[in-house]
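Listing of my_file-v4.csv, CSV, C-alpha atoms and all ligand atoms
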```csv
chain,number,residue,atom,x,y,z
E,797,MET,CA,0.0,0.0,0.0
E,798,LYS,CA,2.7,2.4,1.1
E,799,HIS,CA,4.7,1.5,-2.0
E,800,LEU,CA,1.7,2.1,-4.2
E,801,GLN,CA,1.0,5.5,-2.6
E,802,LYS,CA,4.7,6.4,-3.1
E,803,THR,CA,4.5,5.4,-6.8
E,804,ARG,CA,1.3,7.4,-7.3
E,805,LYS,CA,2.9,10.4,-5.6
E,806,LYS,CA,5.9,10.0,-7.8
E,807,ARG,CA,3.8,9.8,-10.9
E,808,ARG,CA,1.9,12.9,-9.9
E,809,GLY,CA,5.2,14.6,-9.2
E,810,SER,CA,6.5,13.8,-12.6
E,811,PHE,CA,3.3,14.9,-14.2
E,812,PHE,CA,3.6,18.3,-12.6
E,813,SER,CA,7.2,18.6,-13.3
E,814,LEU,CA,6.4,17.7,-17.0
E,815,LEU,CA,3.7,20.4,-17.0
E,816,ILE,CA,6.1,23.0,-15.4
E,817,ASN,CA,8.7,22.1,-18.0
E,818,MET,CA,6.2,22.5,-20.8
E,819,LEU,CA,5.0,25.9,-19.5
E,820,PHE,CA,8.4,27.1,-18.5
E,821,PRO,CA,11.0,25.2,-20.5
E,822,PRO,CA,14.5,25.2,-19.0
E,823,HIS,CA,17.1,27.4,-20.8
E,824,CYS,CA,20.7,26.6,-21.3
E,825,VAL,CA,22.8,28.6,-18.8
E,826,PHE,CA,25.4,29.6,-21.4
E,827,CYS,CA,23.4,30.3,-24.6
E,828,ASP,CA,19.8,30.8,-23.3
E,829,GLU,CA,18.4,28.3,-25.9
E,830,VAL,CA,15.6,26.0,-24.7
E,831,THR,CA,17.2,22.8,-23.4
E,832,TYR,CA,16.0,19.5,-21.9
E,833,PRO,CA,14.7,19.2,-18.3
E,834,ASP,CA,17.4,18.5,-15.8
E,835,CYS,CA,20.0,19.6,-18.4
E,836,PRO,CA,21.1,23.1,-17.6
E,837,VAL,CA,23.7,23.2,-20.3
E,838,CYS,CA,22.9,22.3,-23.9
E,839,ALA,CA,25.0,19.8,-25.8
E,840,THR,CA,26.7,22.6,-27.9
E,841,CYS,CA,27.7,24.6,-24.9
E,842,ALA,CA,28.8,21.5,-23.0
E,843,ARG,CA,31.3,21.1,-25.9
E,844,GLU,CA,32.1,24.7,-26.5
E,845,VAL,CA,32.3,26.3,-23.0
E,846,GLN,CA,35.4,24.7,-21.6
E,847,ARG,CA,36.9,25.5,-18.2
E,848,VAL,CA,40.2,27.4,-18.4
E,849,HIS,CA,41.8,26.5,-15.1
E,850,LYS,CA,42.7,30.1,-14.2
E,851,LEU,CA,44.8,30.7,-11.1
E,852,SER,CA,45.6,34.3,-10.2
E,853,ARG,CA,47.9,35.5,-7.4
E,854,LEU,CA,46.5,38.6,-5.7
E,855,ASN,CA,48.8,41.0,-3.9
E,856,GLU,CA,50.3,39.9,-0.7
E,857,SER,CA,48.2,40.9,2.4
E,858,ALA,CA,49.6,43.4,4.9
E,859,ASP,CA,51.0,40.5,7.0
E,860,GLY,CA,52.6,38.8,4.0
E,861,LYS,CA,50.1,36.1,3.3
E,862,VAL,CA,49.5,35.1,-0.3
E,863,VAL,CA,45.9,35.1,-1.5
E,864,TRP,CA,45.1,33.0,-4.6
E,865,CYS,CA,42.0,33.2,-6.8
E,866,VAL,CA,40.7,30.3,-8.7
E,867,ALA,CA,38.3,30.7,-11.7
E,868,PRO,CA,36.8,28.1,-14.0
E,869,TYR,CA,36.0,30.5,-16.9
E,870,LEU,CA,37.1,33.7,-18.8
E,871,TYR,CA,34.7,36.5,-18.8
E,872,GLU,CA,34.0,36.6,-22.6
E,873,GLY,CA,31.6,35.3,-25.2
E,874,LYS,CA,28.9,33.0,-23.9
E,875,VAL,CA,30.2,33.1,-20.3
E,876,ARG,CA,29.9,36.9,-20.2
E,877,GLY,CA,26.3,36.8,-21.6
E,878,SER,CA,25.4,34.1,-19.1
E,879,ILE,CA,26.8,36.0,-16.1
E,880,LEU,CA,25.0,39.2,-17.2
E,881,ARG,CA,21.7,37.3,-17.3
E,882,PHE,CA,22.5,35.9,-13.9
E,883,LYS,CA,23.4,39.2,-12.4
E,884,PHE,CA,20.9,41.6,-14.0
E,885,TYR,CA,18.0,39.6,-15.4
E,886,GLY,CA,17.2,37.4,-12.4
E,887,CYS,CA,18.5,34.1,-13.8
E,888,ARG,CA,19.3,32.7,-10.3
E,889,GLU,CA,19.1,29.1,-11.6
E,890,HIS,CA,22.6,29.6,-13.1
E,891,ALA,CA,24.2,29.4,-9.7
E,892,PRO,CA,24.5,25.6,-9.4
E,893,VAL,CA,26.3,25.4,-12.7
E,894,TYR,CA,28.8,28.1,-11.8
E,895,ALA,CA,29.3,26.5,-8.3
E,896,LYS,CA,30.0,23.1,-9.9
E,897,GLY,CA,32.6,24.7,-12.2
E,898,ILE,CA,34.3,26.4,-9.2
E,899,CYS,CA,34.3,23.2,-7.1
E,900,GLU,CA,35.7,21.1,-9.9
E,901,GLU,CA,38.4,23.7,-10.3
E,902,LEU,CA,39.2,23.8,-6.6
E,903,ALA,CA,39.5,20.0,-6.6
E,904,GLU,CA,41.8,19.9,-9.6
E,905,GLN,CA,44.0,22.6,-8.2
E,906,LYS,CA,44.3,20.7,-4.9
E,907,PHE,CA,42.7,23.4,-2.7
E,908,LEU,CA,40.0,21.3,-1.1
E,909,SER,CA,41.8,20.7,2.2
E,910,ARG,CA,42.3,24.5,2.7
E,911,MET,CA,38.8,25.6,3.6
E,912,ASP,CA,36.6,25.6,6.7
E,913,ILE,CA,33.9,28.1,5.8
E,914,VAL,CA,32.5,29.5,2.6
E,915,THR,CA,31.4,33.2,2.3
E,916,ALA,CA,30.7,35.7,-0.4
E,917,VAL,CA,31.6,39.3,-1.3
E,918,PRO,CA,28.6,41.2,0.0
E,919,LEU,CA,26.5,43.9,-1.8
E,920,SER,CA,25.7,47.2,-0.1
E,921,LYS,CA,22.2,47.5,1.4
E,922,ARG,CA,21.1,49.8,-1.4
E,923,ARG,CA,22.3,47.4,-4.1
E,924,MET,CA,20.7,44.5,-2.3
E,925,ARG,CA,17.4,46.3,-2.3
E,926,THR,CA,17.4,47.1,-6.0
E,927,ARG,CA,18.7,43.7,-7.2
E,928,GLY,CA,16.9,41.6,-4.6
E,929,TYR,CA,19.7,39.0,-4.3
E,930,ASN,CA,23.4,38.8,-4.0
E,931,GLN,CA,24.6,36.8,-7.0
E,932,SER,CA,27.9,35.9,-5.4
E,933,ALA,CA,26.2,34.5,-2.3
E,934,LEU,CA,23.9,32.3,-4.4
E,935,VAL,CA,27.0,30.7,-6.0
E,936,ALA,CA,28.8,30.5,-2.6
E,937,LYS,CA,25.8,28.7,-1.0
E,938,GLU,CA,25.7,26.2,-3.8
E,939,ALA,CA,29.4,25.7,-3.6
E,940,ALA,CA,29.2,25.2,0.2
E,941,GLN,CA,26.7,22.5,-0.3
E,942,LEU,CA,28.8,20.7,-2.9
E,943,LEU,CA,31.9,21.0,-0.6
E,944,GLU,CA,29.9,20.0,2.5
E,945,LEU,CA,31.1,23.1,4.3
E,946,PRO,CA,29.1,25.7,6.2
E,947,TYR,CA,28.2,28.9,4.4
E,948,ARG,CA,28.2,32.1,6.5
E,949,ASP,CA,27.6,35.8,5.7
E,950,ILE,CA,30.7,37.2,7.3
E,951,LEU,CA,31.3,40.5,5.6
E,952,GLU,CA,29.2,43.6,5.1
E,953,LYS,CA,29.6,46.5,2.7
E,954,TYR,CA,28.8,49.3,4.9
E,955,LYS,CA,29.8,52.2,2.7
E,956,GLU,CA,28.5,53.0,-0.8
E,957,ASN,CA,31.1,53.6,-3.4
E,958,ARG,CA,31.3,54.1,-7.1
E,959,ILE,CA,30.7,51.2,-9.5
E,960,GLN,CA,34.0,49.4,-10.0
E,961,HIS,CA,33.8,48.9,-13.7
E,962,GLU,CA,33.6,52.7,-14.3
E,963,LEU,CA,37.1,53.2,-12.8
E,964,ASP,CA,40.7,52.5,-13.9
E,965,ARG,CA,43.0,50.1,-12.2
E,966,ARG,CA,44.5,52.5,-9.7
E,967,ASN,CA,41.2,54.0,-8.7
E,968,ARG,CA,39.5,50.6,-8.3
E,969,ALA,CA,41.8,49.8,-5.3
E,970,LYS,CA,41.2,53.2,-3.8
E,971,ASN,CA,37.4,52.9,-4.4
E,972,VAL,CA,37.0,49.7,-2.3
E,973,ARG,CA,39.4,50.7,0.5
E,974,GLY,CA,37.5,50.7,3.9
E,975,VAL,CA,34.1,49.9,2.5
E,976,TYR,CA,33.9,46.3,3.9
E,977,ARG,CA,33.9,45.1,7.5
E,978,ILE,CA,33.1,42.0,9.4
E,979,LEU,CA,29.5,41.6,10.7
E,980,PRO,CA,29.1,42.0,14.4
E,981,GLY,CA,29.5,38.7,16.3
E,982,GLU,CA,31.3,36.8,13.5
E,983,GLU,CA,34.2,34.8,14.9
E,984,ILE,CA,36.7,33.7,12.3
E,985,THR,CA,40.0,33.3,14.3
E,986,GLY,CA,42.1,30.5,12.8
E,987,LYS,CA,39.6,29.7,10.1
E,988,GLN,CA,40.4,29.0,6.5
E,989,ILE,CA,38.0,30.9,4.4
E,990,LEU,CA,36.8,30.4,0.8
E,991,LEU,CA,35.6,33.8,-0.4
E,992,ILE,CA,33.5,33.8,-3.5
E,993,ASP,CA,32.7,36.6,-6.0
E,994,ASP,CA,31.2,36.7,-9.5
E,995,ILE,CA,33.8,38.3,-11.7
E,996,MET,CA,37.5,39.3,-11.1
E,997,THR,CA,38.9,42.2,-13.1
E,998,THR,CA,41.8,43.7,-11.2
E,999,GLY,CA,41.2,41.7,-8.0
E,1000,ALA,CA,40.9,44.9,-5.9
E,1001,THR,CA,37.5,43.9,-4.3
E,1002,LEU,CA,38.7,40.4,-3.4
E,1003,GLN,CA,42.0,41.8,-2.1
E,1004,GLU,CA,40.2,44.3,0.2
E,1005,CYS,CA,37.8,41.7,1.5
E,1006,ALA,CA,40.7,39.2,2.1
E,1007,GLU,CA,42.6,41.9,4.0
E,1008,VAL,CA,39.6,42.4,6.3
E,1009,LEU,CA,39.2,38.7,6.9
E,1010,LEU,CA,42.9,38.2,7.6
E,1011,ARG,CA,43.0,41.3,9.9
E,1012,GLU,CA,40.1,39.8,11.9
E,1013,GLY,CA,42.2,36.6,12.5
E,1014,ALA,CA,41.4,34.3,9.6
E,1015,ALA,CA,44.2,31.7,9.1
E,1016,SER,CA,43.9,32.0,5.3
E,1017,VAL,CA,41.7,33.2,2.5
E,1018,LEU,CA,41.3,31.5,-0.8
E,1019,CYS,CA,39.2,33.3,-3.4
E,1020,ALA,CA,37.1,31.9,-6.2
E,1021,VAL,CA,35.1,33.6,-8.9
E,1022,ILE,CA,33.0,32.4,-11.8
E,1023,ALA,CA,35.1,34.2,-14.4
E,1024,VAL,CA,38.2,36.3,-14.8
E,1025,VAL,CA,38.3,39.3,-17.2
E,1026,PRO,CA,40.9,38.3,-19.8
E,1101,ZN,ZN,23.8,26.3,-24.7
```
Would you mind giving the structure from this file in structure tokens?
Ligand SMILES: [Zn+2]
Amino acid sequence: MKHLQKTRKKRRGSFFSLLINMLFPPHCVFCDEVTYPDCPVCATCAREVQRVHKLSRLNESADGKVVWCVAPYLYEGKVRGSILRFKFYGCREHAPVYAKGICEELAEQKFLSRMDIVTAVPLSKRRMRTRGYNQSALVAKEAAQLLELPYRDILEKYKENRIQHELDRRNRAKNVRGVYRILPGEEITGKQILLIDDIMTTGATLQECAEVLLREGAASVLCAVIAVVP
């Protein structure tokens, strides 16, 4: 009986998911073409969008610690379009695909044993209100699940600043200085932190956030982004 009920439930479940998939067909994360259910990347993009195994060394922190940044993709072509839809057009369903790319990269580059907590570069309160979600936190939460690590909001952006992509390299570093701080009550002494952001251009934002975390006692900070600007 129980078995039968289960089967019926399962059938009903699959009927509804079929209906949902017909009404709202899934789209490929990278090209936005309609794809098959449970298949977030179409066959063409699975072939064409290859991970690039990018490892960047950020500047040394004030106490001489080296901060690395891992990225599975370059910010160009289909990846760029995909991230823009994710960031500005509400395509939150992209997050698991990006997180998977990041985690595979972390595994291949032998970083898996160097993390205790996953966190994300925060948005300011004003940006959070207008966008409704922090795209980096969505990816970080998915990555935390895959890595079986806790996710925590550790940082806050407590000062508004100018939009980074409007500035040149030198001014980007200046623009982010002193705008992030640790949230009250967060204890990170001795912790190895994986810090996730969406895109890395000069690395100024990641560098600044890493500095704050290290200053507050983190043992190490490793950064990961979806894509690096080539
Ligand atoms: Zn595609």
Within 10 Å of ligand ZN 1101 (chain E), counting all atoms listed in the file, residues as a ChimeraX atom specification = /E:823-831,835-845,874,878
For Ala895 of chain E, list every protein, DNA or RNA residue within 12 Å, evaluated using all atoms listed in the file, and leave out those in the same chain fewer than 2 positions away; present the list as number ranges by chain.
-> E: 867-869, 888-893, 897-902, 914, 931-943, 992-994, 1020-1023
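Coordinates place atom CA of Lys955 of chain E at a distance of 14.6 Å from atom CA of Arg925 of chain E.
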note - atom CA of Arg927 of chain E and atom CA of Val1017 of chain E are separated by 27.1 Å
Nearest to Glu956 of chain E, chosen from E:Pro980, E:Gly986, E:Pro918, E:Gly873, with only C-alpha atoms counted in the distances
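Smallest distance to Glu956 of chain E is found for E:Pro918.
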